[in-house]
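Presented below is the structure to which this report refers.
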Amino acid sequence: MKSICGIDCTNCELSSTCNGCAATGGQPFGAECLVAQCCKKGKTALSELKEKLIAAFNALHIPDMEEVTELNALKGSFANIEYALPNSQIVKFWDDNRIYLGNQLQKKDSDRCYGIIADEKYLMVSEYSGFGTDAEIIVFKRWN
């Protein structure tokens, strides 16, 4: 399967459900792929976006969060955890079928993790244990 960004999609566990970004114009699961959008803008657009996002995440100075050094393409459904709002409403913030940039970082001296995710407008840092259980929003903000 041909990709816009050059990733070898043949080894991806989602290749059987993905329609391919080249064949779909950068919408492999029916929603925009942030990586494909960048690659369409030119050779350096993706690396420039990653650098800006890494700097934005690190500028938050969240105690016990490792320094962000890398962001990976993530399907929204992998990172779209449910959060309980103060009014007890349960919400998700991301589109399950869109591709974002993010990573998971271990919280220092803890069994909990920080999940970071972003698109061209918003970034989020959440803290959770296990497979996204007991999730708390640490930061959700417009960054760009």
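Letters A, B, ... go to the chains of the structure tokens in the order shown; residues in each chain start at 1; ligands are counted from 1 in the same order.
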Q: For Leu34 (chain A), work out the shell of residues within 7 Å, counting only C-alpha atoms and skipping chain neighbours fewer than 2 positions away, then give it as a PyMOL selection string.
A: chain A and resi 32+36-38+99-100+119
**Q.** Polymer residues at most 9 Å from Phe93 (chain A), only C-alpha atoms, same-chain spacing of 3 or more positions, as an NGL selection string
**A.** :A and (80-83)
Create the file for the chosen residues now, containing C-alpha atoms and written as a PDB file, in the first residue's frame.
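Contents of the output file part.pdb:
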ATOM      1  CA  ASN A  80      -8.969   8.940  22.323  1.00  0.00           C
ATOM      2  CA  ILE A  81      -9.528   8.063  25.975  1.00  0.00           C
ATOM      3  CA  GLU A  82     -12.723   8.888  27.843  1.00  0.00           C
ATOM      4  CA  TYR A  83     -12.507  11.670  30.429  1.00  0.00           C
TER       5      TYR A  83
END
Q) So which one's closest to Lys92 (chain A), A:Ala135, A:Leu53, A:Cys33, A:Ala45? Using only C-alpha atoms, please. A) A:Ala135
**Q.** Residue with smallest distance to Ile54 (chain A) - pool A:Gly102, A:Asp109, A:Phe131, A:Trp94, counting only C-alpha atoms
**A.**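 Among A:Gly102, A:Asp109, A:Phe131, A:Trp94, it is A:Gly102 that comes nearest to Ile54 (chain A).
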